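**Q** I'm passing along run.txt; it holds compact mmCIF, C-alpha atoms.
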```txt
# COMPACT_ATOMS: atom_id res chain seq x y z
CA MET A 1 0.00 0.00 0.00
CA ALA A 2 2.83 2.38 0.91
CA ALA A 3 4.60 1.61 -2.36
CA SER A 4 1.36 2.16 -4.31
CA SER A 5 0.75 5.47 -2.51
CA LEU A 6 4.31 6.56 -3.30
CA LEU A 7 3.82 5.71 -6.98
CA VAL A 8 0.55 7.67 -7.03
CA LEU A 9 2.31 10.62 -5.38
CA ILE A 10 5.16 10.47 -7.89
CA ASP A 11 2.64 10.26 -10.74
CA ASP A 12 0.74 13.27 -9.34
CA ILE A 13 3.96 15.25 -9.01
CA ALA A 14 4.96 14.29 -12.57
CA THR A 15 1.54 15.39 -13.85
CA VAL A 16 1.79 18.72 -12.05
CA LEU A 17 5.32 19.27 -13.36
CA ASP A 18 4.15 18.38 -16.86
CA ASP A 19 1.31 20.92 -16.56
CA VAL A 20 3.73 23.53 -15.22
CA ALA A 21 6.14 22.81 -18.09
CA LEU A 22 3.35 23.10 -20.67
CA MET A 23 2.00 26.37 -19.25
CA THR A 24 5.51 27.70 -18.79
CA LYS A 25 6.20 26.99 -22.46
CA THR A 26 3.00 28.83 -23.43
CA ALA A 27 3.80 31.77 -21.17
CA THR A 28 7.40 31.98 -22.44
CA LYS A 29 6.18 32.12 -26.05
CA LYS A 30 3.89 35.02 -25.17
CA THR A 31 6.71 36.90 -23.45
CA ALA A 32 9.11 36.51 -26.39
CA GLY A 33 8.78 40.17 -27.35
CA VAL A 34 9.78 41.38 -23.93
CA LEU A 35 12.65 38.89 -23.74
CA GLY A 36 14.19 40.05 -27.03
CA ASP A 37 14.05 43.64 -25.88
CA ASP A 38 15.29 42.65 -22.41
CA LEU A 39 18.37 41.00 -23.91
CA ALA A 40 19.24 43.97 -26.11
CA LEU A 41 18.63 46.57 -23.40
CA ASN A 42 20.63 44.79 -20.72
CA ALA A 43 23.54 44.06 -23.04
CA GLN A 44 23.59 47.76 -23.97
CA GLN A 45 23.59 48.75 -20.29
CA VAL A 46 27.12 47.40 -19.77
CA THR A 47 28.66 49.20 -22.75
CA GLY A 48 31.24 51.66 -21.48
CA VAL A 49 32.19 49.43 -18.52
CA LYS A 50 35.77 48.18 -18.39
CA PRO A 51 36.07 44.61 -19.84
CA ALA A 52 37.26 43.20 -16.51
CA ARG A 53 34.12 44.57 -14.81
CA GLU A 54 31.55 43.44 -17.41
CA LEU A 55 30.68 40.09 -15.83
CA PRO A 56 30.51 41.49 -12.24
CA VAL A 57 28.13 44.18 -13.51
CA VAL A 58 25.95 41.56 -15.26
CA TRP A 59 25.94 39.47 -12.06
CA ALA A 60 24.93 42.52 -9.98
CA VAL A 61 22.05 43.27 -12.35
CA ALA A 62 21.00 39.59 -12.35
CA LYS A 63 20.79 39.64 -8.52
CA GLY A 64 18.73 42.83 -8.74
CA SER A 65 16.50 41.11 -11.29
CA MET A 66 15.83 38.21 -8.90
CA LYS A 67 14.91 40.72 -6.17
CA ASN A 68 12.53 42.40 -8.63
CA LYS A 69 10.81 39.09 -9.34
CA ALA A 70 10.72 38.23 -5.63
CA ILE A 71 8.52 41.33 -5.29
CA LEU A 72 6.52 40.91 -8.49
CA VAL A 73 5.56 37.22 -8.18
CA PRO A 74 3.87 37.56 -4.74
CA ALA A 75 2.23 40.81 -5.90
CA ALA A 76 0.83 39.05 -8.99
CA LEU A 77 -0.46 36.14 -6.88
CA ALA A 78 -2.11 38.57 -4.44
CA ILE A 79 -3.87 40.31 -7.33
CA SER A 80 -4.99 36.97 -8.78
CA PHE A 81 -6.32 35.79 -5.39
CA PHE A 82 -7.92 38.96 -4.00
CA VAL A 83 -8.84 41.00 -7.11
CA PRO A 84 -8.86 38.56 -10.08
CA TRP A 85 -10.91 41.00 -12.18
CA LEU A 86 -7.84 43.24 -12.23
CA VAL A 87 -5.74 40.70 -14.20
CA THR A 88 -7.27 41.52 -17.61
CA PRO A 89 -6.94 45.32 -17.25
CA LEU A 90 -3.32 44.88 -16.10
CA LEU A 91 -2.67 42.59 -19.04
CA MET A 92 -4.16 45.16 -21.43
CA LEU A 93 -2.06 47.86 -19.77
CA GLY A 94 1.04 45.70 -20.25
CA GLY A 95 0.18 45.13 -23.92
CA ALA A 96 -0.39 48.86 -24.46
CA PHE A 97 2.94 49.62 -22.79
CA LEU A 98 4.72 47.14 -25.06
CA CYS A 99 3.25 48.83 -28.15
CA PHE A 100 4.06 52.30 -26.78
CA GLU A 101 7.64 51.30 -25.96
CA GLY A 102 8.14 49.67 -29.36
CA PHE A 103 6.92 52.70 -31.32
CA GLU A 104 8.80 55.09 -29.05
CA LYS A 105 12.03 53.22 -29.90
CA ILE A 106 11.32 53.66 -33.62
CA ALA A 107 10.43 57.34 -33.22
CA HIS A 108 13.50 57.98 -31.07
CA LYS A 109 15.74 56.31 -33.64
CA PHE A 110 14.64 58.74 -36.36
CA LEU A 111 13.99 61.90 -34.32
CA HIS A 112 16.90 61.90 -31.85
CA ARG A 113 19.91 60.68 -33.83
CA GLU A 114 22.02 63.75 -32.99
CA GLU A 115 21.22 63.47 -29.25
CA ASP A 116 22.21 59.78 -29.24
CA ALA A 117 25.47 60.53 -31.04
CA ALA A 118 26.25 63.34 -28.58
CA HIS A 119 25.48 61.04 -25.61
CA LYS A 120 27.85 58.35 -26.92
CA LYS A 121 30.57 60.94 -27.50
CA ASP A 122 30.17 62.30 -23.96
CA LEU A 123 30.35 58.76 -22.56
CA HIS A 124 33.59 57.98 -24.43
CA GLU A 125 35.11 61.29 -23.31
CA ALA A 126 34.14 60.59 -19.71
CA LEU A 127 35.79 57.17 -19.84
CA LYS A 128 39.06 58.78 -20.99
CA ASN A 129 39.01 61.27 -18.11
CA PRO A 130 41.02 59.91 -15.12
CA GLU A 131 39.06 62.16 -12.74
CA VAL A 132 35.79 60.36 -13.52
CA ASP A 133 34.70 58.01 -10.70
CA MET A 134 34.39 54.72 -12.59
CA ARG A 135 32.84 52.97 -9.57
CA ALA A 136 30.07 55.60 -9.43
CA LEU A 137 29.52 55.29 -13.20
CA GLU A 138 29.31 51.52 -12.83
CA GLN A 139 26.80 51.77 -9.97
CA ASP A 140 24.66 54.17 -12.03
CA LYS A 141 24.62 51.67 -14.88
CA ILE A 142 23.64 48.84 -12.51
CA LYS A 143 20.81 50.89 -10.97
CA GLY A 144 19.55 51.91 -14.42
CA ALA A 145 19.62 48.31 -15.65
CA ILE A 146 17.73 47.08 -12.56
CA ARG A 147 15.06 49.78 -13.06
CA THR A 148 14.69 48.72 -16.69
CA ASP A 149 14.52 45.09 -15.62
CA PHE A 150 11.72 45.86 -13.12
CA ILE A 151 9.51 47.29 -15.88
CA LEU A 152 10.22 44.44 -18.30
CA SER A 153 9.84 41.83 -15.54
CA ALA A 154 6.48 43.33 -14.57
CA GLU A 155 5.34 42.94 -18.19
CA ILE A 156 6.55 39.33 -18.29
CA ILE A 157 4.87 38.44 -14.98
CA ALA A 158 1.61 40.13 -16.07
CA ILE A 159 1.59 38.27 -19.41
CA THR A 160 2.42 34.97 -17.68
CA LEU A 161 -0.32 35.50 -15.08
CA GLY A 162 -2.80 36.07 -17.91
CA THR A 163 -2.10 32.55 -19.23
CA VAL A 164 -2.81 30.80 -15.90
CA THR A 165 -5.67 32.79 -14.36
CA ASP A 166 -8.00 29.77 -14.57
CA GLN A 167 -5.57 27.56 -12.61
CA THR A 168 -5.28 27.02 -8.84
CA ILE A 169 -3.20 29.46 -6.83
CA GLY A 170 -0.58 26.72 -6.32
CA MET A 171 -0.26 26.14 -10.06
CA GLN A 172 -0.05 29.90 -10.66
CA PHE A 173 2.77 30.15 -8.12
CA ALA A 174 4.63 27.23 -9.74
CA VAL A 175 4.37 28.64 -13.28
CA LEU A 176 5.26 32.21 -12.24
CA THR A 177 8.25 30.97 -10.23
CA VAL A 178 9.55 28.72 -13.02
CA VAL A 179 9.16 31.47 -15.62
CA ALA A 180 10.84 34.04 -13.33
CA ILE A 181 13.85 31.79 -12.70
CA MET A 182 14.14 30.61 -16.32
CA ILE A 183 13.97 34.14 -17.68
CA THR A 184 16.50 35.54 -15.21
CA VAL A 185 19.01 32.72 -15.77
CA GLY A 186 18.41 32.63 -19.54
CA VAL A 187 18.48 36.39 -20.17
CA TYR A 188 21.49 37.21 -18.01
CA GLY A 189 23.35 34.09 -19.09
CA LEU A 190 22.94 35.23 -22.70
CA VAL A 191 23.79 38.84 -21.80
CA ALA A 192 27.03 37.61 -20.18
CA GLY A 193 27.80 35.62 -23.34
CA ILE A 194 27.04 38.56 -25.63
CA VAL A 195 29.16 41.12 -23.74
CA LYS A 196 32.14 38.72 -23.70
CA LEU A 197 31.68 37.61 -27.30
CA ASP A 198 34.19 40.13 -28.61
CA ASP A 199 36.75 39.00 -26.01
CA GLY A 200 36.30 35.42 -27.23
CA GLY A 201 36.71 36.55 -30.82
CA LEU A 202 39.87 38.50 -29.96
CA TYR A 203 41.30 35.49 -28.11
CA LEU A 204 40.67 33.15 -31.07
CA SER A 205 42.02 35.66 -33.61
CA GLN A 206 45.36 35.66 -31.76
CA LYS A 207 45.68 31.87 -31.60
CA GLU A 208 47.79 29.82 -33.99
CA GLY A 209 46.09 28.37 -37.03
CA ALA A 210 44.45 30.17 -39.94
CA PHE A 211 41.07 28.50 -39.36
CA THR A 212 40.93 29.49 -35.65
CA GLN A 213 41.97 33.05 -36.49
CA ALA A 214 39.30 33.25 -39.18
CA ILE A 215 36.64 32.16 -36.66
CA GLY A 216 37.89 34.79 -34.22
CA ARG A 217 37.75 37.54 -36.85
CA GLY A 218 34.28 36.34 -37.85
CA ILE A 219 33.07 36.60 -34.25
CA LEU A 220 34.54 40.12 -33.94
CA TRP A 221 32.70 41.11 -37.13
CA LEU A 222 29.47 39.45 -36.02
CA ALA A 223 29.22 40.79 -32.44
CA PRO A 224 27.96 44.35 -33.18
CA TYR A 225 25.48 43.07 -35.80
CA MET A 226 24.10 40.56 -33.29
CA MET A 227 23.22 43.40 -30.93
CA LYS A 228 21.44 45.31 -33.70
CA THR A 229 19.57 42.20 -34.81
CA LEU A 230 18.43 41.44 -31.26
CA SER A 231 17.17 44.98 -30.88
CA ILE A 232 15.25 44.89 -34.20
CA LEU A 233 13.72 41.46 -33.53
CA GLY A 234 12.82 42.55 -30.00
CA THR A 235 11.00 45.62 -31.32
CA ILE A 236 9.05 43.61 -33.91
CA ALA A 237 8.11 41.04 -31.30
CA MET A 238 6.89 43.80 -28.97
CA PHE A 239 4.28 44.81 -31.56
CA LEU A 240 3.30 41.19 -32.21
CA VAL A 241 2.95 40.30 -28.53
CA GLY A 242 1.53 43.65 -27.39
CA GLY A 243 -0.88 43.79 -30.32
CA GLY A 244 -1.95 40.21 -29.67
CA ILE A 245 -2.75 41.03 -26.04
CA LEU A 246 -4.78 44.08 -27.07
CA THR A 247 -6.76 42.29 -29.80
CA HIS A 248 -7.60 39.40 -27.45
CA GLY A 249 -8.98 41.99 -25.01
CA LEU A 250 -11.02 43.65 -27.76
CA PRO A 251 -13.32 40.92 -29.19
CA PRO A 252 -14.62 42.98 -32.17
CA VAL A 253 -11.04 43.64 -33.36
CA TYR A 254 -10.01 40.02 -32.73
CA ASP A 255 -13.04 38.68 -34.65
CA ALA A 256 -12.47 41.10 -37.55
CA ILE A 257 -8.82 40.05 -37.96
CA HIS A 258 -9.61 36.32 -37.83
CA HIS A 259 -12.66 36.65 -40.11
CA PHE A 260 -10.47 38.44 -42.67
CA ALA A 261 -7.75 35.74 -42.39
CA GLU A 262 -10.26 32.90 -42.86
CA GLY A 263 -10.94 34.10 -46.39
CA PHE A 264 -7.43 33.14 -47.49
CA GLY A 265 -6.80 29.74 -45.89
CA GLY A 266 -3.57 27.76 -46.02
CA LEU A 267 -0.29 29.19 -44.74
CA LEU A 268 -1.29 32.79 -45.49
CA GLY A 269 -4.48 32.35 -43.50
CA ALA A 270 -2.44 31.06 -40.56
CA ILE A 271 0.07 33.92 -40.70
CA LEU A 272 -2.37 36.80 -41.26
CA PRO A 273 -3.80 36.86 -37.68
CA THR A 274 -0.28 37.31 -36.29
CA LEU A 275 0.48 40.03 -38.85
CA GLY A 276 -2.85 41.63 -38.02
CA ASP A 277 -1.96 41.65 -34.33
CA GLY A 278 1.39 43.24 -35.17
CA LEU A 279 -0.20 45.91 -37.37
CA PHE A 280 -2.78 46.70 -34.67
CA GLY A 281 0.06 46.92 -32.14
CA LEU A 282 1.98 49.30 -34.41
CA ILE A 283 -1.06 51.56 -34.86
CA ALA A 284 -1.84 51.45 -31.12
CA GLY A 285 1.78 52.32 -30.33
CA ALA A 286 1.73 55.27 -32.74
CA ILE A 287 -1.47 56.63 -31.17
CA LEU A 288 -0.13 56.18 -27.64
CA VAL A 289 3.17 57.92 -28.48
CA ALA A 290 1.28 60.80 -30.15
CA VAL A 291 -0.88 61.25 -27.04
CA ILE A 292 1.58 60.52 -24.21
CA THR A 293 4.77 62.19 -25.49
CA PRO A 294 3.34 65.77 -25.41
CA LEU A 295 1.99 65.07 -21.91
CA GLN A 296 5.44 63.87 -20.80
CA LYS A 297 7.05 67.04 -22.15
CA LEU A 298 4.41 69.18 -20.45
CA TRP A 299 4.99 67.39 -17.14
CA ALA A 300 8.78 67.76 -17.48
CA ALA A 301 8.36 71.50 -18.21
CA ARG A 302 6.17 71.95 -15.12
CA SER A 303 8.61 70.00 -12.93
CA ALA A 304 11.64 71.99 -14.13
```
If you convert what's in this file into structure tokens, what do you get?
**A**
Amino acid sequence: MAASSLLVLIDDIATVLDDVALMTKTATKKTAGVLGDDLALNAQQVTGVKPARELPVVWAVAKGSMKNKAILVPAALAISFFVPWLVTPLLMLGGAFLCFEGFEKIAHKFLHREEDAAHKKDLHEALKNPEVDMRALEQDKIKGAIRTDFILSAEIIAITLGTVTDQTIGMQFAVLTVVAIMITVGVYGLVAGIVKLDDGGLYLSQKEGAFTQAIGRGILWLAPYMMKTLSILGTIAMFLVGGGILTHGLPPVYDAIHHFAEGFGGLLGAILPTLGDGLFGLIAGAILVAVITPLQKLWAARSA
């Protein structure tokens, strides 16, 4: 009897873990847009830091990220348990923020090129100045990265919570915890790899052997393009994910997109709903930027 009970318990645990894995996979797919942007943003945060301090900075931000999630996961569970009706509005707010952030990145790229170039120049000049407190600069970068992580983590937790609202509170805790740990380890592990990629390329390019040197030079050439690609893919995914969240919360829009896609069928019919979500996200982001940006400037002028 004891052996049978143990087998039943093991089977129950395996079933729960399987459910958690399945829902975690679903949640991770839905947070892909945030993850792509998270990777690019956090890798950019350590630019300007001395090579020997890059990994310690990434580790410091990763610890801050875990603290962020230690706050966000219980907060999300409390919302789900005490005010479950608030989950959908928060999810919609997260989707709207993704679209706003994505379009703001595009607008900033085209409208503030000179400011970005001036900022990079000032940063390089500061790094050359021996009077600049590098430890203070490093701490500022860490604090900025942790603040950015809190916003992106909040989006990820909100999106994940939206996929498991119909589950028990225990299952919600399991999925949120697994996603939080996986994302932190995965994102900051990749960030560490990306920021040290050029060091690896330099090391290989100085080794003996033409083939090894060629690989090293290839890595050195590839590293900056990888960052740009991650940023572009992250922005596109933000519209796809954010737009998808918004259309699911607006049944008339969702039905219109899917009704239109059904008229085509095949592969095109399968792709069109996703493209429709992305287009809706792009339009929503443009409207939000047009409305919120003047208000931000007005608030900044009043606070000055």
**Q** Could you check how far atom CA of Leu230 of chain A sits from atom CA of Val187 of chain A, in Å to one decimal?
**A**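 Going from atom CA of Leu230 of chain A over to atom CA of Val187 of chain A covers 12.2 Å.
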**Q** State, in Å with one decimal place, the distance from atom CA of Gly201 of chain A to atom CA of Ile219 of chain A.
**A**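 Computing it gives 5.0 Å between the two atoms.
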**Q** Using only C-alpha atoms, pick whichever of A:Trp221, A:Phe280, A:Phe103, A:Phe81 has the shortest atom-to-atom distance to Ile257 of chain A.
**A**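 Checking each candidate against Ile257 of chain A, we get A:Phe280 as the closest.
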**Q** Given the choices A:Cys99, A:Ile71, A:Val87, A:Leu240, which gets closest to Gly162 of chain A if the distance is worked out from all atoms listed in the file?
**A**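 Of A:Cys99, A:Ile71, A:Val87, A:Leu240, the one nearest Gly162 of chain A is A:Val87, counting all atoms listed in the file.
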**Q** Could you check the closest approach to Lys67 of chain A for each of A:Glu104, A:Glu208, A:Glu262, A:Asp149 and tell me which residue wins, using all atoms listed in the file?
**A**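 Once distances to Lys67 of chain A are computed over all atoms listed in the file, the minimum belongs to A:Asp149.
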**Q** Have a look at A:Ile183, A:Leu176, A:Leu250, A:Leu98 and name the one nearest to Ile236 of chain A; count all atoms listed in the file.
**A** A:Leu98
**Q** Find the distance between atom CA of Phe239 of chain A and atom CA of Asp277 of chain A and write it in Å to one decimal.
**A** 7.5 Å
**Q** Within 10 Å of Leu161 of chain A, counting all atoms listed in the file, which residues qualify if same-chain residues fewer than 5 places away don't, as a list in words?
**A**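 Counting only the stated atoms, we get Ala27, Val73, Ala76, Leu77, Ile79, Ser80, Val87, Thr88, Leu90, Leu91, Glu155, Ile156, Asp166, Gln167, Gln172, Phe173, Val175 and Leu176 of chain A.
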**Q** Considering only C-alpha atoms, state which residue in the set A:Val178, A:Ile194, A:Leu267, A:Leu275 is at the smallest distance from Lys228 of chain A.
**A**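 That would be A:Ile194, the residue with the smallest distance to Lys228 of chain A.
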**Q** Starting from the incomplete input, reconstruct all heavy atoms of segment 257-268 of chain A and report them as a PDB file, in the coordinates of the input.
**A**
```pdb
ATOM      1  N   ILE A 257     -10.107  40.530 -37.431  1.00  0.00           N
ATOM      2  CA  ILE A 257      -8.820  40.050 -37.960  1.00  0.00           C
ATOM      3  C   ILE A 257      -8.921  38.590 -38.386  1.00  0.00           C
ATOM      4  O   ILE A 257      -8.485  38.208 -39.481  1.00  0.00           O
ATOM      5  CB  ILE A 257      -7.700  40.237 -36.909  1.00  0.00           C
ATOM      6  CG1 ILE A 257      -7.399  41.722 -36.715  1.00  0.00           C
ATOM      7  CG2 ILE A 257      -6.431  39.496 -37.342  1.00  0.00           C
ATOM      8  CD1 ILE A 257      -6.428  42.013 -35.591  1.00  0.00           C
ATOM      9  N   HIS A 258      -9.525  37.754 -37.534  1.00  0.00           N
ATOM     10  CA  HIS A 258      -9.610  36.320 -37.830  1.00  0.00           C
ATOM     11  C   HIS A 258     -10.621  36.038 -38.945  1.00  0.00           C
ATOM     12  O   HIS A 258     -10.416  35.115 -39.747  1.00  0.00           O
ATOM     13  CB  HIS A 258      -9.972  35.548 -36.562  1.00  0.00           C
ATOM     14  CG  HIS A 258      -8.806  35.344 -35.644  1.00  0.00           C
ATOM     15  ND1 HIS A 258      -8.089  34.175 -35.590  1.00  0.00           N
ATOM     16  CD2 HIS A 258      -8.196  36.186 -34.779  1.00  0.00           C
ATOM     17  CE1 HIS A 258      -7.101  34.293 -34.717  1.00  0.00           C
ATOM     18  NE2 HIS A 258      -7.154  35.499 -34.197  1.00  0.00           N
ATOM     19  N   HIS A 259     -11.684  36.815 -39.015  1.00  0.00           N
ATOM     20  CA  HIS A 259     -12.660  36.650 -40.110  1.00  0.00           C
ATOM     21  C   HIS A 259     -12.001  36.994 -41.438  1.00  0.00           C
ATOM     22  O   HIS A 259     -12.213  36.301 -42.451  1.00  0.00           O
ATOM     23  CB  HIS A 259     -13.874  37.542 -39.865  1.00  0.00           C
ATOM     24  CG  HIS A 259     -14.914  37.432 -40.933  1.00  0.00           C
ATOM     25  ND1 HIS A 259     -15.707  36.305 -41.086  1.00  0.00           N
ATOM     26  CD2 HIS A 259     -15.288  38.298 -41.917  1.00  0.00           C
ATOM     27  CE1 HIS A 259     -16.515  36.487 -42.116  1.00  0.00           C
ATOM     28  NE2 HIS A 259     -16.287  37.686 -42.637  1.00  0.00           N
ATOM     29  N   PHE A 260     -11.188  38.044 -41.452  1.00  0.00           N
ATOM     30  CA  PHE A 260     -10.470  38.440 -42.670  1.00  0.00           C
ATOM     31  C   PHE A 260      -9.477  37.347 -43.075  1.00  0.00           C
ATOM     32  O   PHE A 260      -9.368  37.010 -44.262  1.00  0.00           O
ATOM     33  CB  PHE A 260      -9.733  39.755 -42.425  1.00  0.00           C
ATOM     34  CG  PHE A 260      -8.890  40.219 -43.589  1.00  0.00           C
ATOM     35  CD1 PHE A 260      -9.481  40.781 -44.711  1.00  0.00           C
ATOM     36  CD2 PHE A 260      -7.509  40.067 -43.564  1.00  0.00           C
ATOM     37  CE1 PHE A 260      -8.699  41.201 -45.784  1.00  0.00           C
ATOM     38  CE2 PHE A 260      -6.727  40.488 -44.629  1.00  0.00           C
ATOM     39  CZ  PHE A 260      -7.329  41.053 -45.737  1.00  0.00           C
ATOM     40  N   ALA A 261      -8.769  36.768 -42.099  1.00  0.00           N
ATOM     41  CA  ALA A 261      -7.750  35.740 -42.390  1.00  0.00           C
ATOM     42  C   ALA A 261      -8.380  34.457 -42.902  1.00  0.00           C
ATOM     43  O   ALA A 261      -7.780  33.753 -43.727  1.00  0.00           O
ATOM     44  CB  ALA A 261      -6.930  35.467 -41.132  1.00  0.00           C
ATOM     45  N   GLU A 262      -9.591  34.136 -42.438  1.00  0.00           N
ATOM     46  CA  GLU A 262     -10.260  32.900 -42.860  1.00  0.00           C
ATOM     47  C   GLU A 262     -10.552  32.876 -44.348  1.00  0.00           C
ATOM     48  O   GLU A 262     -10.661  31.801 -44.950  1.00  0.00           O
ATOM     49  CB  GLU A 262     -11.563  32.731 -42.080  1.00  0.00           C
ATOM     50  CG  GLU A 262     -11.347  32.298 -40.632  1.00  0.00           C
ATOM     51  CD  GLU A 262     -12.636  32.320 -39.828  1.00  0.00           C
ATOM     52  OE1 GLU A 262     -13.698  32.663 -40.421  1.00  0.00           O
ATOM     53  OE2 GLU A 262     -12.608  32.027 -38.617  1.00  0.00           O
ATOM     54  N   GLY A 263     -10.647  34.027 -44.961  1.00  0.00           N
ATOM     55  CA  GLY A 263     -10.940  34.100 -46.390  1.00  0.00           C
ATOM     56  C   GLY A 263      -9.780  33.652 -47.262  1.00  0.00           C
ATOM     57  O   GLY A 263      -9.959  33.439 -48.467  1.00  0.00           O
ATOM     58  N   PHE A 264      -8.598  33.503 -46.696  1.00  0.00           N
ATOM     59  CA  PHE A 264      -7.430  33.140 -47.490  1.00  0.00           C
ATOM     60  C   PHE A 264      -7.086  31.657 -47.340  1.00  0.00           C
ATOM     61  O   PHE A 264      -6.779  30.994 -48.319  1.00  0.00           O
ATOM     62  CB  PHE A 264      -6.223  33.997 -47.054  1.00  0.00           C
ATOM     63  CG  PHE A 264      -6.353  35.435 -47.439  1.00  0.00           C
ATOM     64  CD1 PHE A 264      -7.005  36.336 -46.596  1.00  0.00           C
ATOM     65  CD2 PHE A 264      -5.850  35.904 -48.646  1.00  0.00           C
ATOM     66  CE1 PHE A 264      -7.136  37.669 -46.942  1.00  0.00           C
ATOM     67  CE2 PHE A 264      -5.972  37.235 -49.005  1.00  0.00           C
ATOM     68  CZ  PHE A 264      -6.630  38.117 -48.153  1.00  0.00           C
ATOM     69  N   GLY A 265      -7.119  31.141 -46.105  1.00  0.00           N
ATOM     70  CA  GLY A 265      -6.800  29.740 -45.890  1.00  0.00           C
ATOM     71  C   GLY A 265      -5.331  29.430 -46.096  1.00  0.00           C
ATOM     72  O   GLY A 265      -4.546  30.298 -46.513  1.00  0.00           O
ATOM     73  N   GLY A 266      -4.956  28.200 -45.839  1.00  0.00           N
ATOM     74  CA  GLY A 266      -3.570  27.760 -46.020  1.00  0.00           C
ATOM     75  C   GLY A 266      -2.612  28.492 -45.103  1.00  0.00           C
ATOM     76  O   GLY A 266      -2.974  29.002 -44.040  1.00  0.00           O
ATOM     77  N   LEU A 267      -1.343  28.564 -45.534  1.00  0.00           N
ATOM     78  CA  LEU A 267      -0.290  29.190 -44.740  1.00  0.00           C
ATOM     79  C   LEU A 267      -0.548  30.673 -44.536  1.00  0.00           C
ATOM     80  O   LEU A 267      -0.354  31.206 -43.436  1.00  0.00           O
ATOM     81  CB  LEU A 267       1.069  28.979 -45.419  1.00  0.00           C
ATOM     82  CG  LEU A 267       2.293  29.565 -44.697  1.00  0.00           C
ATOM     83  CD1 LEU A 267       2.451  28.909 -43.321  1.00  0.00           C
ATOM     84  CD2 LEU A 267       3.557  29.368 -45.535  1.00  0.00           C
ATOM     85  N   LEU A 268      -1.015  31.347 -45.595  1.00  0.00           N
ATOM     86  CA  LEU A 268      -1.290  32.790 -45.490  1.00  0.00           C
ATOM     87  C   LEU A 268      -2.374  33.051 -44.458  1.00  0.00           C
ATOM     88  O   LEU A 268      -2.279  33.996 -43.668  1.00  0.00           O
ATOM     89  CB  LEU A 268      -1.708  33.338 -46.862  1.00  0.00           C
ATOM     90  CG  LEU A 268      -1.946  34.857 -46.940  1.00  0.00           C
ATOM     91  CD1 LEU A 268      -0.683  35.613 -46.563  1.00  0.00           C
ATOM     92  CD2 LEU A 268      -2.397  35.256 -48.343  1.00  0.00           C
TER      93      LEU A 268
END
```
